[in-house]
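Undergrad: This is the structure I have questions about; it appears just below.
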Amino acid sequence: MYRVVAAAKPLQRTLVRRVSTNFNSHAGSGSSLEGYTPPTTSPANDMIAQLAAKHLDRLSLKDLIRFGRPPLSTQSLLTSARFTREYLPVRLSRRIRALRNLPYIIVSNPNISTIYNNYIDSLTAILAFPAASLTNLTEESRFTELLTEIVKTHSNTIPILAKGFLECRGYVTPEEATKFLDHHLRARIGTRLMAEQHIGLHLASVPQPPTVAVPGKSYIGTVDTELRPAEIIDSCASFVGDICEVRYGARPKLTIDGNPDVTFPYIPVHLEYIITELLKNAFRATIEANSPVPIIVTIAAAPGPPDAGGITIRIRDQGGGIAPDDLGYIWSYSFSTFDGSRSSIGSGNSGHLDDTDGGNAGSGMDVMGRFTESAGVLEPSSIAGLGYGLPMSRAYAQYFGGSLKVQSAYEWGTDVYLRLKGVGLDGL
């Protein structure tokens, strides 16, 4: 079954990243952090080392829904808070350790130093919140607001780090930069999810003022148990199409086939990011190749239970494909082909750009030299150029056991296969 995606307004889903921080504290009027004394000293080096050395399991979708469907009981909500209070410092300490292991000249860069200090401040703040105090909803509300402030503090971590590495590219090899950024991104996914998951459970379990947006009934924290990929594809296609209208004065057609009605449990913001980045590549390649062929997105449910089996999404364009010489670099931070002064055939990260310092882009593929001048700042009309799209999308896909693969036929087109695993909802 085929259907043409019409221009539509972005979905108005309730996402944790958009919620207000004005929680309804059970301590009465005033700030929910009333009585909380901010720490004045940083954690000792020995404490950071001890925390970073603790065993830490990879966060899974099953872990995220382990406390059940909200509204949670008081005891379950407090258990979630204690779980977050226990393991979030471990994750923050590991990020601090990773940054400390970089050469001093890199850590001393103002941008990277900012991120390092943000992690120190967040760890200091959460360690100053006594774990033993999480025995009632008043303390849980205070803890949740602290988590929200931490999430907001780290909202721009990746762009700021990217700019820092761009400025330090003379002191780090492309391979070293790619390895560090990829590992940091994957670790950051779990760190941020752990905090956002409890925030979402809190909002859905504790009465909130009318002005505070709360997750919908199908949500368990950040997980939408009835996520419909076709709706996200529609929304992302509309968004990317608007960007194309501004940048190119045109937008390609897009059709969705396969099983557009399939649903499965997943994190909407992750799928939104992946689909947006993949459609940016496909839309741009189609327009620049002057291809009249619509982009085709196929949705297929994987074998297994409807909720846990997962899905496969294929995005197919006839935008010219990726040059064979470039295929080996498409997963590198920050390999990009976007150049505002010219057009190039190819889908996504294909083609070479001159280094910003005048070097030869074909030799060494400078991992950080592919940024636009506004590195780290996503302009409203920006459709490409940061070079993070594919590697970040793959990191998000792989985090919960999925995959992202690219197959390209040069001078013809590109197929991208996104496979995501769900999680069983038995008993929820």
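A note on labels: chains of the structure tokens are A, B, ... as shown, every chain counts residues from 1, and ligands are counted from 1 in their shown order.
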Looking only at the backbone, which of the residues in range 74-172 of chain A does DSSP tag as alpha helix (DSSP H), as an NGL selection string?

TA: :A and (74-100 or 104-107 or 110-127 or 137-153 or 157-167)

Undergrad: Would you save the residues from that selection as a tab-separated table (two decimals), in the first residue's frame, using C-alpha atoms?

TA:
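Output contents, as saved in part.tsv:
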```tsv
chain	number	residue	atom	x	y	z
A	74	THR	CA	4.69	6.01	46.00
A	75	GLN	CA	7.02	3.12	46.78
A	76	SER	CA	7.75	2.41	43.10
A	77	LEU	CA	8.43	6.07	42.38
A	78	LEU	CA	10.80	6.28	45.34
A	79	THR	CA	12.55	3.10	44.16
A	80	SER	CA	13.04	4.69	40.74
A	81	ALA	CA	14.49	7.80	42.38
A	82	ARG	CA	16.90	5.75	44.49
A	83	PHE	CA	17.97	3.75	41.45
A	84	THR	CA	18.73	6.97	39.58
A	85	ARG	CA	20.50	8.50	42.58
A	86	GLU	CA	22.71	5.42	42.91
A	87	TYR	CA	23.80	4.97	39.29
A	88	LEU	CA	23.75	8.43	37.75
A	89	PRO	CA	26.89	9.49	39.70
A	90	VAL	CA	28.68	6.43	38.28
A	91	ARG	CA	27.85	7.48	34.74
A	92	LEU	CA	28.83	11.09	35.35
A	93	SER	CA	32.12	10.00	36.93
A	94	ARG	CA	32.96	7.91	33.89
A	95	ARG	CA	32.47	10.92	31.61
A	96	ILE	CA	34.77	12.95	33.87
A	97	ARG	CA	37.39	10.19	33.77
A	98	ALA	CA	37.20	10.01	29.97
A	99	LEU	CA	37.72	13.76	29.65
A	100	ARG	CA	40.61	13.67	32.10
A	104	TYR	CA	45.85	18.44	28.73
A	105	ILE	CA	46.02	20.81	25.77
A	106	ILE	CA	42.64	19.46	24.61
A	107	VAL	CA	40.94	19.54	28.03
A	110	PRO	CA	37.47	26.58	26.57
A	111	ASN	CA	34.66	24.52	25.01
A	112	ILE	CA	35.86	21.16	26.23
A	113	SER	CA	36.68	22.67	29.61
A	114	THR	CA	33.09	23.94	29.81
A	115	ILE	CA	31.76	20.41	29.33
A	116	TYR	CA	34.23	19.03	31.87
A	117	ASN	CA	33.15	21.60	34.45
A	118	ASN	CA	29.47	20.89	33.73
A	119	TYR	CA	30.05	17.24	34.57
A	120	ILE	CA	31.90	18.16	37.76
A	121	ASP	CA	29.08	20.52	38.80
A	122	SER	CA	26.39	17.93	38.07
A	123	LEU	CA	28.20	15.21	39.96
A	124	THR	CA	28.76	17.57	42.88
A	125	ALA	CA	25.09	18.51	42.98
A	126	ILE	CA	23.74	14.97	42.88
A	127	LEU	CA	26.20	13.67	45.48
A	137	LEU	CA	7.29	12.41	47.77
A	138	THR	CA	8.51	15.80	48.97
A	139	GLU	CA	12.13	14.70	48.74
A	140	GLU	CA	11.44	12.86	45.49
A	141	SER	CA	10.03	16.05	43.95
A	142	ARG	CA	13.11	18.00	44.99
A	143	PHE	CA	15.33	15.29	43.52
A	144	THR	CA	13.37	15.34	40.26
A	145	GLU	CA	13.82	19.07	39.88
A	146	LEU	CA	17.54	18.63	40.46
A	147	LEU	CA	17.59	16.01	37.68
A	148	THR	CA	15.79	18.42	35.37
A	149	GLU	CA	18.40	21.10	35.97
A	150	ILE	CA	21.15	18.58	35.24
A	151	VAL	CA	19.48	17.56	31.95
A	152	LYS	CA	19.17	21.20	30.92
A	153	THR	CA	22.81	21.87	31.80
A	157	THR	CA	27.09	18.89	25.24
A	158	ILE	CA	27.69	17.35	21.81
A	159	PRO	CA	27.78	20.61	19.77
A	160	ILE	CA	30.08	22.25	22.32
A	161	LEU	CA	32.40	19.24	22.39
A	162	ALA	CA	32.40	19.21	18.60
A	163	LYS	CA	33.45	22.82	18.42
A	164	GLY	CA	36.17	22.16	20.96
A	165	PHE	CA	37.59	19.27	18.95
A	166	LEU	CA	37.42	21.39	15.81
A	167	GLU	CA	39.60	23.97	17.51
```

Undergrad: Give one line per residue of range 254-336 of chain A that approaches range 395-403 of chain A to at most 10 Å, naming the two atoms of the closest pair and their distance in Å to one decimal, counting only C-alpha atoms; sort by chain then ascending residue number and deliver it as a tab-separated table.

TA:
```
residue	atom	partner	partner_atom	distance
A:Tyr266	CA	A:Phe400	CA	9.5
A:His270	CA	A:Tyr396	CA	6.4
A:Leu271	CA	A:Ala397	CA	8.2
A:Tyr273	CA	A:Tyr396	CA	8.6
A:Ile274	CA	A:Tyr396	CA	7.4
A:Gly310	CA	A:Gly402	CA	8.9
A:Ile311	CA	A:Gly402	CA	9.4
A:Thr312	CA	A:Gly402	CA	9.4
```

Undergrad: Could you turn the residues from that selection into a file that holds N, CA and C atoms, as a short mmCIF file (atom, residue, chain, number, x, y, z; two decimals), in the first residue's frame?

TA:
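selection-v7.cif, written as the output of this step:
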```cif
data_model
loop_
_atom_site.label_atom_id
_atom_site.label_comp_id
_atom_site.auth_asym_id
_atom_site.auth_seq_id
_atom_site.Cartn_x
_atom_site.Cartn_y
_atom_site.Cartn_z
N TYR A 266 9.07 2.20 21.85
CA TYR A 266 10.39 2.77 21.62
C TYR A 266 10.39 4.20 22.13
N HIS A 270 14.46 9.52 20.02
CA HIS A 270 15.54 8.85 19.31
C HIS A 270 15.16 8.59 17.86
N LEU A 271 13.96 8.07 17.65
CA LEU A 271 13.53 7.79 16.28
C LEU A 271 13.39 9.08 15.49
N TYR A 273 15.16 11.80 15.81
CA TYR A 273 16.49 12.26 15.41
C TYR A 273 17.00 11.45 14.22
N ILE A 274 16.91 10.13 14.31
CA ILE A 274 17.43 9.27 13.25
C ILE A 274 16.73 9.55 11.92
N GLY A 310 10.07 -5.53 17.09
CA GLY A 310 10.80 -4.44 16.48
C GLY A 310 10.36 -4.19 15.06
N ILE A 311 11.07 -3.29 14.38
CA ILE A 311 10.71 -2.90 13.02
C ILE A 311 11.96 -2.71 12.17
N THR A 312 11.74 -2.72 10.86
CA THR A 312 12.76 -2.33 9.90
C THR A 312 12.19 -1.21 9.05
#
```

Undergrad: Could you jot down the CA of Leu72 in chain A to CA of Gly216 in chain A separation for me, Å, one decimal place?

TA: 14.2 Å

Undergrad: For range 287-300 of chain A, work out the shell of residues within 6 Å, counting only C-alpha atoms and skipping chain neighbours fewer than 4 positions away, then give it as a ChimeraX atom specification.

TA: /A:253-259,311-317,319,343,345

Undergrad: Take the selection from the previous step and output its residues with N, CA and C atoms, as an mmCIF file, in the first residue's frame.

TA:
```
data_model
loop_
_atom_site.group_PDB
_atom_site.id
_atom_site.type_symbol
_atom_site.label_atom_id
_atom_site.label_comp_id
_atom_site.auth_asym_id
_atom_site.auth_seq_id
_atom_site.Cartn_x
_atom_site.Cartn_y
_atom_site.Cartn_z
ATOM 1 N N LYS A 253 9.010 14.556 -3.329
ATOM 2 C CA LYS A 253 7.863 13.801 -2.865
ATOM 3 C C LYS A 253 8.347 12.592 -2.078
ATOM 4 N N LEU A 254 7.522 12.154 -1.161
ATOM 5 C CA LEU A 254 7.868 11.003 -0.336
ATOM 6 C C LEU A 254 6.642 10.135 -0.168
ATOM 7 N N THR A 255 6.822 8.835 -0.315
ATOM 8 C CA THR A 255 5.729 7.895 -0.096
ATOM 9 C C THR A 255 6.121 6.896 0.975
ATOM 10 N N ILE A 256 5.138 6.420 1.713
ATOM 11 C CA ILE A 256 5.348 5.405 2.740
ATOM 12 C C ILE A 256 4.594 4.153 2.322
ATOM 13 N N ASP A 257 5.287 3.021 2.287
ATOM 14 C CA ASP A 257 4.609 1.760 1.971
ATOM 15 C C ASP A 257 4.967 0.714 3.017
ATOM 16 N N GLY A 258 4.599 -0.515 2.748
ATOM 17 C CA GLY A 258 4.818 -1.569 3.730
ATOM 18 C C GLY A 258 3.670 -1.639 4.706
ATOM 19 N N ASN A 259 3.962 -1.474 5.989
ATOM 20 C CA ASN A 259 2.957 -1.544 7.049
ATOM 21 C C ASN A 259 2.959 -0.249 7.846
ATOM 22 N N ILE A 311 11.070 -3.287 14.377
ATOM 23 C CA ILE A 311 10.705 -2.902 13.018
ATOM 24 C C ILE A 311 11.957 -2.710 12.168
ATOM 25 N N THR A 312 11.742 -2.716 10.855
ATOM 26 C CA THR A 312 12.764 -2.330 9.897
ATOM 27 C C THR A 312 12.195 -1.207 9.047
ATOM 28 N N ILE A 313 12.969 -0.151 8.873
ATOM 29 C CA ILE A 313 12.569 0.970 8.022
ATOM 30 C C ILE A 313 13.632 1.124 6.940
ATOM 31 N N ARG A 314 13.186 1.086 5.686
ATOM 32 C CA ARG A 314 14.106 1.317 4.565
ATOM 33 C C ARG A 314 13.769 2.656 3.915
ATOM 34 N N ILE A 315 14.792 3.490 3.749
ATOM 35 C CA ILE A 315 14.621 4.769 3.062
ATOM 36 C C ILE A 315 15.395 4.683 1.746
ATOM 37 N N ARG A 316 14.683 4.791 0.639
ATOM 38 C CA ARG A 316 15.288 4.618 -0.694
ATOM 39 C C ARG A 316 15.179 5.910 -1.489
ATOM 40 N N ASP A 317 16.301 6.364 -2.022
ATOM 41 C CA ASP A 317 16.273 7.529 -2.902
ATOM 42 C C ASP A 317 17.054 7.218 -4.168
ATOM 43 N N GLY A 319 19.039 9.567 -5.706
ATOM 44 C CA GLY A 319 19.737 10.842 -5.732
ATOM 45 C C GLY A 319 21.187 10.757 -6.150
ATOM 46 N N SER A 343 26.658 22.182 -5.737
ATOM 47 C CA SER A 343 25.833 21.006 -5.564
ATOM 48 C C SER A 343 26.702 19.779 -5.817
ATOM 49 N N ILE A 345 26.433 15.336 -6.373
ATOM 50 C CA ILE A 345 25.608 14.152 -6.481
ATOM 51 C C ILE A 345 25.920 13.243 -5.313
#
```

Undergrad: For CA of His184 in chain A and CA of Asp57 in chain A, quote the distance in Å rounded to one decimal.

TA: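 Calculated distance between CA of His184 in chain A and CA of Asp57 in chain A is 16.1 Å.
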
Undergrad: Among range 54-265 of chain A, which ones does DSSP assign to strand (DSSP E or B) (computed from the backbone)? Answer as a ChimeraX atom specification.

TA: /A:219-220,223-227,254-258,264-265

Undergrad: Export C-alpha atoms of the chosen residues as a CSV table (one decimal), in the first residue's frame?

TA:
```csv
chain,number,residue,atom,x,y,z
A,219,TYR,CA,4.1,6.5,27.8
A,220,ILE,CA,6.2,4.8,30.4
A,223,VAL,CA,9.1,5.1,26.2
A,224,ASP,CA,6.0,5.3,24.0
A,225,THR,CA,4.5,1.8,24.2
A,226,GLU,CA,2.3,2.5,21.2
A,227,LEU,CA,4.8,4.3,19.0
A,254,LEU,CA,7.9,11.0,-0.3
A,255,THR,CA,5.7,7.9,-0.1
A,256,ILE,CA,5.3,5.4,2.7
A,257,ASP,CA,4.6,1.8,2.0
A,258,GLY,CA,4.8,-1.6,3.7
A,264,PHE,CA,6.0,-0.9,18.8
A,265,PRO,CA,7.5,0.4,22.1
```

Undergrad: Point out the residue among A:Val212, A:Met194, A:Ile275, A:Ala131 with the least atom-to-atom distance to Asp234 in chain A, counting only C-alpha atoms.

TA: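 Using only C-alpha atoms, Asp234 in chain A sits closest to A:Ile275.
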